[in-house]
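Next comes target_19.pdb, a file with PDB, C-alpha atoms.
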ATOM      1  CA  MET A  27    -203.500 178.170 136.943  1.00  0.00           C
ATOM      2  CA  PHE A  28    -200.142 177.230 138.473  1.00  0.00           C
ATOM      3  CA  SER A  29    -199.771 174.142 136.276  1.00  0.00           C
ATOM      4  CA  ARG A  30    -200.333 176.328 133.184  1.00  0.00           C
ATOM      5  CA  LEU A  31    -197.793 178.816 134.516  1.00  0.00           C
ATOM      6  CA  ARG A  32    -195.170 176.092 135.011  1.00  0.00           C
ATOM      7  CA  GLU A  33    -195.906 174.855 131.508  1.00  0.00           C
ATOM      8  CA  ASP A  34    -195.462 178.349 130.061  1.00  0.00           C
ATOM      9  CA  ILE A  35    -192.165 178.891 131.870  1.00  0.00           C
ATOM     10  CA  ALA A  36    -190.823 175.509 130.710  1.00  0.00           C
ATOM     11  CA  SER A  37    -191.725 176.280 127.080  1.00  0.00           C
ATOM     12  CA  ILE A  38    -190.001 179.678 127.274  1.00  0.00           C
ATOM     13  CA  ARG A  39    -186.826 178.163 128.692  1.00  0.00           C
ATOM     14  CA  GLU A  40    -186.889 175.567 125.921  1.00  0.00           C
ATOM     15  CA  ARG A  41    -187.268 178.131 123.117  1.00  0.00           C
ATOM     16  CA  ASP A  42    -185.174 181.036 124.386  1.00  0.00           C
ATOM     17  CA  PRO A  43    -181.443 180.386 124.969  1.00  0.00           C
ATOM     18  CA  ALA A  44    -181.239 183.675 126.892  1.00  0.00           C
ATOM     19  CA  ALA A  45    -183.564 182.358 129.625  1.00  0.00           C
ATOM     20  CA  ARG A  46    -181.188 181.338 132.426  1.00  0.00           C
ATOM     21  CA  ASN A  47    -183.584 180.188 135.130  1.00  0.00           C
ATOM     22  CA  THR A  48    -187.242 180.018 136.170  1.00  0.00           C
ATOM     23  CA  TRP A  49    -187.088 183.069 138.449  1.00  0.00           C
ATOM     24  CA  GLU A  50    -185.727 185.244 135.652  1.00  0.00           C
ATOM     25  CA  VAL A  51    -188.487 184.129 133.288  1.00  0.00           C
ATOM     26  CA  LEU A  52    -191.180 184.645 135.913  1.00  0.00           C
ATOM     27  CA  THR A  53    -190.076 188.161 136.828  1.00  0.00           C
ATOM     28  CA  CYS A  54    -188.500 189.600 133.681  1.00  0.00           C
ATOM     29  CA  TYR A  55    -190.411 188.282 130.662  1.00  0.00           C
ATOM     30  CA  PRO A  56    -193.216 190.638 129.584  1.00  0.00           C
ATOM     31  CA  GLY A  57    -194.565 188.073 127.118  1.00  0.00           C
ATOM     32  CA  LEU A  58    -195.315 185.720 130.006  1.00  0.00           C
ATOM     33  CA  HIS A  59    -196.904 188.527 132.033  1.00  0.00           C
ATOM     34  CA  ALA A  60    -199.079 189.543 129.070  1.00  0.00           C
ATOM     35  CA  VAL A  61    -200.327 185.985 128.517  1.00  0.00           C
ATOM     36  CA  VAL A  62    -201.127 185.472 132.212  1.00  0.00           C
ATOM     37  CA  MET A  63    -203.000 188.789 132.455  1.00  0.00           C
ATOM     38  CA  HIS A  64    -204.838 187.966 129.248  1.00  0.00           C
ATOM     39  CA  ARG A  65    -206.179 184.821 130.885  1.00  0.00           C
ATOM     40  CA  TRP A  66    -207.660 186.990 133.630  1.00  0.00           C
ATOM     41  CA  ALA A  67    -209.072 189.452 131.113  1.00  0.00           C
ATOM     42  CA  ASN A  68    -210.467 186.684 128.911  1.00  0.00           C
ATOM     43  CA  ALA A  69    -212.169 185.020 131.886  1.00  0.00           C
ATOM     44  CA  CYS A  70    -213.890 188.322 132.696  1.00  0.00           C
ATOM     45  CA  TRP A  71    -214.828 188.813 129.042  1.00  0.00           C
ATOM     46  CA  LEU A  72    -216.408 185.354 128.785  1.00  0.00           C
ATOM     47  CA  ALA A  73    -218.263 185.927 132.075  1.00  0.00           C
ATOM     48  CA  ASP A  74    -219.785 189.048 130.485  1.00  0.00           C
ATOM     49  CA  PHE A  75    -217.727 191.472 132.612  1.00  0.00           C
ATOM     50  CA  LYS A  76    -216.678 193.256 129.429  1.00  0.00           C
ATOM     51  CA  TRP A  77    -215.441 196.502 130.968  1.00  0.00           C
ATOM     52  CA  LEU A  78    -213.340 194.693 133.569  1.00  0.00           C
ATOM     53  CA  GLY A  79    -211.799 192.526 130.873  1.00  0.00           C
ATOM     54  CA  ARG A  80    -210.913 195.591 128.803  1.00  0.00           C
ATOM     55  CA  PHE A  81    -209.504 197.362 131.859  1.00  0.00           C
ATOM     56  CA  ILE A  82    -207.238 194.413 132.738  1.00  0.00           C
ATOM     57  CA  SER A  83    -206.113 194.344 129.091  1.00  0.00           C
ATOM     58  CA  HIS A  84    -205.407 198.074 129.274  1.00  0.00           C
ATOM     59  CA  ILE A  85    -203.298 197.662 132.422  1.00  0.00           C
ATOM     60  CA  ALA A  86    -201.414 194.767 130.823  1.00  0.00           C
ATOM     61  CA  ARG A  87    -200.618 196.911 127.783  1.00  0.00           C
ATOM     62  CA  GLY A  88    -199.162 199.627 130.018  1.00  0.00           C
ATOM     63  CA  LEU A  89    -197.038 197.137 131.964  1.00  0.00           C
ATOM     64  CA  THR A  90    -195.809 194.988 129.079  1.00  0.00           C
ATOM     65  CA  GLY A  91    -196.148 196.977 125.839  1.00  0.00           C
ATOM     66  CA  ILE A  92    -198.260 194.103 124.460  1.00  0.00           C
ATOM     67  CA  GLU A  93    -201.892 194.712 123.561  1.00  0.00           C
ATOM     68  CA  ILE A  94    -204.158 191.662 123.540  1.00  0.00           C
ATOM     69  CA  HIS A  95    -207.903 192.121 123.236  1.00  0.00           C
ATOM     70  CA  PRO A  96    -209.662 190.194 126.032  1.00  0.00           C
ATOM     71  CA  GLY A  97    -211.836 188.452 123.421  1.00  0.00           C
ATOM     72  CA  ALA A  98    -208.839 186.838 121.694  1.00  0.00           C
ATOM     73  CA  THR A  99    -208.289 183.089 122.153  1.00  0.00           C
ATOM     74  CA  ILE A 100    -204.777 182.001 123.130  1.00  0.00           C
ATOM     75  CA  GLY A 101    -203.732 178.363 123.439  1.00  0.00           C
ATOM     76  CA  ARG A 102    -201.194 176.671 125.667  1.00  0.00           C
ATOM     77  CA  ARG A 103    -197.443 177.330 125.728  1.00  0.00           C
ATOM     78  CA  VAL A 104    -197.691 180.444 123.543  1.00  0.00           C
ATOM     79  CA  PHE A 105    -194.437 182.419 123.726  1.00  0.00           C
ATOM     80  CA  ILE A 106    -194.407 186.145 122.959  1.00  0.00           C
ATOM     81  CA  ASP A 107    -190.668 186.868 122.753  1.00  0.00           C
ATOM     82  CA  HIS A 108    -189.543 190.436 123.613  1.00  0.00           C
ATOM     83  CA  GLY A 109    -193.096 191.377 122.730  1.00  0.00           C
ATOM     84  CA  PHE A 110    -192.987 195.164 122.625  1.00  0.00           C
ATOM     85  CA  GLY A 111    -195.469 196.489 120.076  1.00  0.00           C
ATOM     86  CA  VAL A 112    -197.405 193.240 119.636  1.00  0.00           C
ATOM     87  CA  VAL A 113    -201.117 193.812 118.892  1.00  0.00           C
ATOM     88  CA  ILE A 114    -203.612 190.927 118.883  1.00  0.00           C
ATOM     89  CA  GLY A 115    -207.203 191.620 117.832  1.00  0.00           C
ATOM     90  CA  GLU A 116    -210.505 190.518 119.294  1.00  0.00           C
ATOM     91  CA  THR A 117    -211.304 187.548 117.050  1.00  0.00           C
ATOM     92  CA  ALA A 118    -207.728 186.271 116.733  1.00  0.00           C
ATOM     93  CA  VAL A 119    -207.142 182.628 117.633  1.00  0.00           C
ATOM     94  CA  ILE A 120    -203.625 181.490 118.537  1.00  0.00           C
ATOM     95  CA  GLY A 121    -202.978 177.757 118.681  1.00  0.00           C
ATOM     96  CA  ASP A 122    -200.792 175.823 121.089  1.00  0.00           C
ATOM     97  CA  ASP A 123    -196.996 176.214 120.966  1.00  0.00           C
ATOM     98  CA  CYS A 124    -197.009 179.332 118.769  1.00  0.00           C
ATOM     99  CA  THR A 125    -194.133 181.812 118.909  1.00  0.00           C
ATOM    100  CA  ILE A 126    -194.695 185.526 118.274  1.00  0.00           C
ATOM    101  CA  TYR A 127    -191.904 188.096 118.150  1.00  0.00           C
ATOM    102  CA  GLN A 128    -191.856 191.842 118.750  1.00  0.00           C
ATOM    103  CA  GLY A 129    -193.808 194.258 116.607  1.00  0.00           C
ATOM    104  CA  VAL A 130    -196.285 191.678 115.293  1.00  0.00           C
ATOM    105  CA  THR A 131    -199.850 192.680 114.429  1.00  0.00           C
ATOM    106  CA  LEU A 132    -202.648 190.130 114.182  1.00  0.00           C
ATOM    107  CA  GLY A 133    -205.155 192.582 112.760  1.00  0.00           C
ATOM    108  CA  GLY A 134    -208.437 192.774 110.941  1.00  0.00           C
ATOM    109  CA  THR A 135    -209.405 194.313 107.621  1.00  0.00           C
ATOM    110  CA  SER A 136    -213.170 194.342 108.128  1.00  0.00           C
ATOM    111  CA  LEU A 137    -215.412 196.634 110.161  1.00  0.00           C
ATOM    112  CA  ALA A 138    -218.248 194.088 110.416  1.00  0.00           C
ATOM    113  CA  LYS A 139    -219.156 193.498 114.055  1.00  0.00           C
ATOM    114  CA  GLY A 140    -219.452 189.871 115.069  1.00  0.00           C
ATOM    115  CA  ALA A 141    -217.508 188.635 112.036  1.00  0.00           C
ATOM    116  CA  LYS A 142    -214.217 186.734 112.146  1.00  0.00           C
ATOM    117  CA  ARG A 143    -211.961 189.703 111.385  1.00  0.00           C
ATOM    118  CA  HIS A 144    -208.594 188.521 112.714  1.00  0.00           C
ATOM    119  CA  PRO A 145    -206.328 185.599 111.782  1.00  0.00           C
ATOM    120  CA  THR A 146    -206.139 182.117 113.236  1.00  0.00           C
ATOM    121  CA  LEU A 147    -202.682 180.698 113.920  1.00  0.00           C
ATOM    122  CA  GLY A 148    -202.355 176.932 113.770  1.00  0.00           C
ATOM    123  CA  ARG A 149    -200.390 174.865 116.256  1.00  0.00           C
ATOM    124  CA  GLY A 150    -196.670 175.681 116.305  1.00  0.00           C
ATOM    125  CA  ALA A 151    -196.883 178.674 113.953  1.00  0.00           C
ATOM    126  CA  ILE A 152    -194.036 181.188 114.146  1.00  0.00           C
ATOM    127  CA  ILE A 153    -194.593 184.876 113.381  1.00  0.00           C
ATOM    128  CA  GLY A 154    -191.386 186.851 112.814  1.00  0.00           C
ATOM    129  CA  ALA A 155    -190.552 190.285 114.177  1.00  0.00           C
ATOM    130  CA  GLY A 156    -192.541 193.134 112.671  1.00  0.00           C
ATOM    131  CA  ALA A 157    -194.842 190.891 110.619  1.00  0.00           C
ATOM    132  CA  LYS A 158    -198.417 191.979 109.915  1.00  0.00           C
ATOM    133  CA  VAL A 159    -201.015 189.230 109.512  1.00  0.00           C
ATOM    134  CA  LEU A 160    -204.225 190.941 108.431  1.00  0.00           C
ATOM    135  CA  GLY A 161    -207.568 189.252 107.900  1.00  0.00           C
ATOM    136  CA  GLY A 162    -209.773 186.411 109.059  1.00  0.00           C
ATOM    137  CA  PHE A 163    -207.832 183.585 107.392  1.00  0.00           C
ATOM    138  CA  THR A 164    -205.710 180.751 108.777  1.00  0.00           C
ATOM    139  CA  VAL A 165    -201.939 180.434 109.115  1.00  0.00           C
ATOM    140  CA  GLY A 166    -201.520 176.660 109.104  1.00  0.00           C
ATOM    141  CA  ASP A 167    -199.891 174.347 111.625  1.00  0.00           C
ATOM    142  CA  GLY A 168    -196.114 174.762 111.706  1.00  0.00           C
ATOM    143  CA  ALA A 169    -196.211 177.661 109.235  1.00  0.00           C
ATOM    144  CA  LYS A 170    -193.750 180.545 109.497  1.00  0.00           C
ATOM    145  CA  VAL A 171    -194.122 184.219 108.656  1.00  0.00           C
ATOM    146  CA  GLY A 172    -190.828 186.022 108.043  1.00  0.00           C
ATOM    147  CA  SER A 173    -189.905 189.316 109.656  1.00  0.00           C
ATOM    148  CA  ASN A 174    -191.723 192.381 108.282  1.00  0.00           C
ATOM    149  CA  ALA A 175    -193.891 190.269 105.986  1.00  0.00           C
ATOM    150  CA  VAL A 176    -197.399 191.545 105.266  1.00  0.00           C
ATOM    151  CA  VAL A 177    -199.719 188.558 104.992  1.00  0.00           C
ATOM    152  CA  THR A 178    -203.232 189.035 103.630  1.00  0.00           C
ATOM    153  CA  LYS A 179    -204.072 185.491 102.532  1.00  0.00           C
ATOM    154  CA  GLU A 180    -203.943 181.984 103.935  1.00  0.00           C
ATOM    155  CA  VAL A 181    -200.577 180.349 104.604  1.00  0.00           C
ATOM    156  CA  PRO A 182    -200.567 176.546 104.163  1.00  0.00           C
ATOM    157  CA  ALA A 183    -199.351 174.279 106.952  1.00  0.00           C
ATOM    158  CA  GLY A 184    -195.570 173.941 106.998  1.00  0.00           C
ATOM    159  CA  ALA A 185    -195.069 176.803 104.526  1.00  0.00           C
ATOM    160  CA  THR A 186    -193.190 180.079 104.928  1.00  0.00           C
ATOM    161  CA  ALA A 187    -194.530 183.495 103.922  1.00  0.00           C
ATOM    162  CA  VAL A 188    -192.013 186.276 103.191  1.00  0.00           C
ATOM    163  CA  GLY A 189    -192.089 189.765 101.724  1.00  0.00           C
ATOM    164  CA  ASN A 190    -194.579 192.582 101.198  1.00  0.00           C
ATOM    165  CA  PRO A 191    -197.016 191.479  99.985  1.00  0.00           C
ATOM    166  CA  ALA A 192    -196.108 188.073 101.343  1.00  0.00           C
ATOM    167  CA  ARG A 193    -195.204 185.273  98.956  1.00  0.00           C
ATOM    168  CA  ILE A 194    -195.518 181.630  99.907  1.00  0.00           C
ATOM    169  CA  VAL A 195    -192.486 179.356 100.034  1.00  0.00           C
ATOM    170  CA  GLN A 196    -193.550 175.740 100.495  1.00  0.00           C
ATOM    171  CA  ARG A 197    -191.312 173.655 102.711  1.00  0.00           C
ATOM    172  CA  ALA A 198    -191.609 170.309 104.398  1.00  0.00           C
ATOM    173  CA  ALA A 199    -191.922 170.534 108.150  1.00  0.00           C
ATOM    174  CA  PRO A 200    -188.489 169.867 109.724  1.00  0.00           C
ATOM    175  CA  GLN A 201    -188.237 166.679 111.729  1.00  0.00           C
ATOM    176  CA  ASP A 202    -184.835 167.108 113.347  1.00  0.00           C
ATOM    177  CA  PRO A 203    -184.914 169.325 116.480  1.00  0.00           C
ATOM    178  CA  ARG A 204    -181.836 171.184 115.226  1.00  0.00           C
ATOM    179  CA  ASP A 205    -183.723 172.023 112.027  1.00  0.00           C
ATOM    180  CA  GLN A 206    -186.638 173.313 114.082  1.00  0.00           C
ATOM    181  CA  ALA A 207    -184.301 175.555 116.073  1.00  0.00           C
ATOM    182  CA  ALA A 208    -182.822 176.931 112.852  1.00  0.00           C
ATOM    183  CA  ALA A 209    -186.320 177.620 111.562  1.00  0.00           C
ATOM    184  CA  ARG A 210    -187.112 179.675 114.657  1.00  0.00           C
ATOM    185  CA  ILE A 211    -183.979 181.780 114.173  1.00  0.00           C
ATOM    186  CA  PHE A 212    -185.065 182.512 110.621  1.00  0.00           C
ATOM    187  CA  ALA A 213    -188.622 183.375 111.609  1.00  0.00           C
ATOM    188  CA  ALA A 214    -187.495 185.738 114.320  1.00  0.00           C
ATOM    189  CA  TYR A 215    -185.334 188.012 112.244  1.00  0.00           C
ATOM    190  CA  GLY A 216    -186.020 187.164 108.605  1.00  0.00           C
ATOM    191  CA  VAL A 217    -182.604 185.621 107.964  1.00  0.00           C
ATOM    192  CA  MET A 218    -183.576 183.756 104.824  1.00  0.00           C
ATOM    193  CA  PRO A 219    -181.315 183.191 101.813  1.00  0.00           C
ATOM    194  CA  ASN A 220    -182.631 184.979  98.738  1.00  0.00           C
ATOM    195  CA  GLY A 221    -182.348 181.700  96.871  1.00  0.00           C
ATOM    196  CA  ASP A 222    -185.429 180.529  98.775  1.00  0.00           C
ATOM    197  CA  ASP A 223    -187.438 183.607  97.813  1.00  0.00           C
ATOM    198  CA  PRO A 224    -189.575 182.680  94.770  1.00  0.00           C
ATOM    199  CA  LEU A 225    -189.255 186.142  93.210  1.00  0.00           C
ATOM    200  CA  SER A 226    -185.479 186.114  93.677  1.00  0.00           C
ATOM    201  CA  LYS A 227    -185.256 182.601  92.229  1.00  0.00           C
ATOM    202  CA  ALA A 228    -187.273 183.687  89.190  1.00  0.00           C
ATOM    203  CA  LEU A 229    -185.029 186.695  88.584  1.00  0.00           C
ATOM    204  CA  HIS A 230    -181.860 184.622  88.946  1.00  0.00           C
ATOM    205  CA  GLY A 231    -183.286 182.085  86.510  1.00  0.00           C
ATOM    206  CA  LEU A 232    -184.090 184.763  83.919  1.00  0.00           C
ATOM    207  CA  ILE A 233    -180.663 186.368  84.261  1.00  0.00           C
ATOM    208  CA  ASN A 234    -178.892 183.022  83.867  1.00  0.00           C
ATOM    209  CA  GLN A 235    -181.083 182.132  80.889  1.00  0.00           C
ATOM    210  CA  VAL A 236    -180.227 185.410  79.133  1.00  0.00           C
ATOM    211  CA  ALA A 237    -176.523 184.885  79.867  1.00  0.00           C
ATOM    212  CA  ALA A 238    -176.700 181.372  78.372  1.00  0.00           C
ATOM    213  CA  GLN A 239    -178.485 182.688  75.290  1.00  0.00           C
ATOM    214  CA  GLU A 240    -175.902 185.432  74.822  1.00  0.00           C
ATOM    215  CA  GLN A 241    -173.108 182.862  75.031  1.00  0.00           C
ATOM    216  CA  GLN A 242    -174.887 180.710  72.447  1.00  0.00           C
ATOM    217  CA  ILE A 243    -175.253 183.712  70.139  1.00  0.00           C
ATOM    218  CA  GLU A 244    -171.521 184.382  70.436  1.00  0.00           C
ATOM    219  CA  VAL A 245    -170.827 180.779  69.389  1.00  0.00           C
ATOM    220  CA  MET A 246    -173.212 181.102  66.434  1.00  0.00           C
ATOM    221  CA  LEU A 247    -171.638 184.395  65.295  1.00  0.00           C
ATOM    222  CA  ALA A 248    -168.169 182.854  65.454  1.00  0.00           C
ATOM    223  CA  ALA A 249    -169.363 179.889  63.389  1.00  0.00           C
ATOM    224  CA  LEU A 250    -170.926 182.195  60.793  1.00  0.00           C
ATOM    225  CA  LYS A 251    -167.781 184.301  60.618  1.00  0.00           C
ATOM    226  CA  GLY A 252    -165.688 181.153  60.140  1.00  0.00           C
ATOM    227  CA  ALA A 253    -167.969 180.201  57.249  1.00  0.00           C
ATOM    228  CA  GLY A 254    -167.409 183.580  55.621  1.00  0.00           C
ATOM    229  CA  ILE A 255    -170.821 184.981  56.457  1.00  0.00           C
ATOM    230  CA  GLY A 256    -170.636 188.485  57.885  1.00  0.00           C
ATOM    231  CA  CYS A 257    -173.139 189.659  60.484  1.00  0.00           C
ATOM    232  CA  GLN A 258    -173.681 193.199  61.628  1.00  0.00           C
ATOM    233  CA  ARG A 259    -172.601 193.818  65.218  1.00  0.00           C
ATOM    234  CA  PHE A 260    -173.960 196.527  67.462  1.00  0.00           C
ATOM    235  CA  GLU A 261    -170.847 197.471  69.376  1.00  0.00           C
ATOM    236  CA  GLU A 262    -172.526 200.440  71.024  1.00  0.00           C
ATOM    237  CA  LEU A 263    -174.680 198.106  73.128  1.00  0.00           C
ATOM    238  CA  SER A 264    -173.167 197.336  76.523  1.00  0.00           C
ATOM    239  CA  ARG A 265    -172.304 193.717  77.191  1.00  0.00           C
ATOM    240  CA  PHE A 266    -174.761 191.786  79.351  1.00  0.00           C
ATOM    241  CA  ASP A 267    -173.196 191.319  82.799  1.00  0.00           C
ATOM    242  CA  ALA A 268    -174.975 188.423  84.504  1.00  0.00           C
ATOM    243  CA  ASP A 269    -172.755 188.475  87.597  1.00  0.00           C
ATOM    244  CA  GLN A 270    -173.477 192.139  88.258  1.00  0.00           C
ATOM    245  CA  LEU A 271    -177.245 191.652  87.869  1.00  0.00           C
ATOM    246  CA  ASN A 272    -177.222 188.624  90.152  1.00  0.00           C
ATOM    247  CA  LYS A 273    -175.454 190.699  92.796  1.00  0.00           C
ATOM    248  CA  LEU A 274    -178.152 193.368  92.478  1.00  0.00           C
ATOM    249  CA  VAL A 275    -180.871 190.742  93.007  1.00  0.00           C
ATOM    250  CA  ASP A 276    -179.035 189.436  96.091  1.00  0.00           C
TER
END
As structure tokens, what does this structure read like?
Amino acid sequence: MFSRLREDIASIRERDPAARNTWEVLTCYPGLHAVVMHRWANACWLADFKWLGRFISHIARGLTGIEIHPGATIGRRVFIDHGFGVVIGETAVIGDDCTIYQGVTLGGTSLAKGAKRHPTLGRGAIIGAGAKVLGGFTVGDGAKVGSNAVVTKEVPAGATAVGNPARIVQRAAPQDPRDQAAARIFAAYGVMPNGDDPLSKALHGLINQVAAQEQQIEVMLAALKGAGIGCQRFEELSRFDADQLNKLVD
């Protein structure tokens, strides 16, 4: 138990620049307290002391603001940062080295008892603040879910899911530690350039294509006019403003 606790504290200090020392993490981090109390509750649950497991879970929720069902499976070095409002369902499975931020729900969409109703997070997955991951699918190893995303389908390993409903942005897993740190900052608070959002990229592409076509039409009209061929113009139509539309998309 103490070796796991030391491991948890070391992983928190590695991932949270606000963690100044071991004593502060041990006494002031509700995510750590919730994970430790879940281990007690889960041990009772697996030993068929169901009520005691639920009662320990209930006490942990009151102390930490984090609700973890005692039947959930949580791996090693899982960091629940800030944590308030986190809800983790009974059949959820959280892999090693995952990071979960405040307001996250790992919920189920089925009422079938005994079924896999809650998501599985692969090793190193990062779930951003306020995200809702709903269903018995898998979020792959190293995948990231942006803040306030609503995910209802599988997320491939190394990919990022953003938006409501969530859209998948495929990315290679970062190798440089500095890139990994930047990825965590994004996942925590959804700071992602719109250029990486597939819907935003599609809209920008359409706007730029229309602007290019309008410019080409202007060239064609000028050429026709130079050749003495008159073309009717619809002056009452407002001119297409690509810059303004791109700003609206941003």
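Closest approach to Phe163 in chain A from the set A:Asn190, A:Thr117, A:Ser83, A:Gln128 is made by A:Thr117, with distances taken over all atoms listed in the file.
Going from CA of Tyr55 in chain A to CA of Asn68 in chain A covers 20.2 Å.
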* Could you tell me which residues the PyMOL selection byres ((chain A and resi 39) around 12) grabs in this file, written as an NGL selection string? => :A and (32-38 or 40-52 or 55 or 58 or 103 or 105 or 107)
* Asked: Please, what distance in Å, to one decimal, runs between CA of Trp77 in chain A and CA of Ile126 in chain A?
  ->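 Interatomic distance here is 26.7 Å.
Distance annotation: of A:Ala175, A:Ile100, A:Leu229, A:Leu132, the residue with the minimal separation from Trp66 in chain A is A:Ile100; atom set is all atoms listed in the file.
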* Smallest atom-to-atom distance to Asn234 in chain A: which of A:Ala248, A:Asp267, A:Ile120, A:Thr53, using all atoms listed in the file? ->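 When distances to Asn234 in chain A are compared using all atoms listed in the file, the smallest one comes from A:Asp267.
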* Would you list the contacts of Gly88 in chain A as a PyMOL selection string, taking every protein, DNA or RNA residue within 12 Å and counting only C-alpha atoms, but skipping same-chain residues closer than 6 positions in sequence? => chain A and resi 56+59-60+63+81-82+94+110-111
* Just how far from CA of Val119 in chain A is CA of Asn174 in chain A, in Å to one decimal? -> 20.5 Å
* Please check which residues have atoms at most 8 Å from (-212.3, 188.4, 109.4) in the file's coordinates, counting all atoms listed in the file, and write them as number ranges by chain. => A: 117, 134-136, 141-145, 161-163
* To do: Rank A:Val113, A:Leu89, A:Asn272, A:Gly184 by their smallest atom-to-atom distance to Ala157 in chain A, using all atoms listed in the file, and report the top residue only.
  => A:Val113
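In this comparison, which uses all atoms listed in the file, the residue of A:Glu240, A:Asp269, A:Glu93, A:Asp74 approaching Val112 in chain A most closely is A:Glu93.
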* Which neighbours of Tyr127 in chain A fall inside 10 Å, counting only C-alpha atoms, when residues of the same chain fewer than 4 positions from it are skipped, and could you give them as number ranges by chain? -> A: 57, 105-112, 131, 152-157, 173, 213-215
Box dimensions and centre (Å, one decimal) enclosing range 154-172 of chain A, axis-aligned, 8 Å extra per side, as lines of an AutoDock Vina configuration file:
center_x = -200.2
center_y = 183.7
center_z = 110.8
size_x = 35.2
size_y = 34.8
size_z = 22.8
With the PyMOL selection byres ((chain A and resi 165) around 9) as the selection, what would be picked from this file? Answer as a PDB file with C-alpha atoms, keeping the file's coordinate frame, please.
ATOM      1  CA  PRO A 145    -206.328 185.599 111.782  1.00  0.00           C
ATOM      2  CA  THR A 146    -206.139 182.117 113.236  1.00  0.00           C
ATOM      3  CA  LEU A 147    -202.682 180.698 113.920  1.00  0.00           C
ATOM      4  CA  GLY A 148    -202.355 176.932 113.770  1.00  0.00           C
ATOM      5  CA  ALA A 151    -196.883 178.674 113.953  1.00  0.00           C
ATOM      6  CA  VAL A 159    -201.015 189.230 109.512  1.00  0.00           C
ATOM      7  CA  PHE A 163    -207.832 183.585 107.392  1.00  0.00           C
ATOM      8  CA  THR A 164    -205.710 180.751 108.777  1.00  0.00           C
ATOM      9  CA  GLY A 166    -201.520 176.660 109.104  1.00  0.00           C
ATOM     10  CA  ASP A 167    -199.891 174.347 111.625  1.00  0.00           C
ATOM     11  CA  GLY A 168    -196.114 174.762 111.706  1.00  0.00           C
ATOM     12  CA  ALA A 169    -196.211 177.661 109.235  1.00  0.00           C
ATOM     13  CA  LYS A 170    -193.750 180.545 109.497  1.00  0.00           C
ATOM     14  CA  VAL A 171    -194.122 184.219 108.656  1.00  0.00           C
ATOM     15  CA  LYS A 179    -204.072 185.491 102.532  1.00  0.00           C
ATOM     16  CA  GLU A 180    -203.943 181.984 103.935  1.00  0.00           C
ATOM     17  CA  VAL A 181    -200.577 180.349 104.604  1.00  0.00           C
ATOM     18  CA  PRO A 182    -200.567 176.546 104.163  1.00  0.00           C
ATOM     19  CA  ALA A 183    -199.351 174.279 106.952  1.00  0.00           C
TER      20      ALA A 183
END
* Structure fact -> Shortest contact to Val104 in chain A, candidates A:Lys158, A:His64, A:Lys76, A:Lys227, atoms counted all atoms listed in the file, goes to A:His64
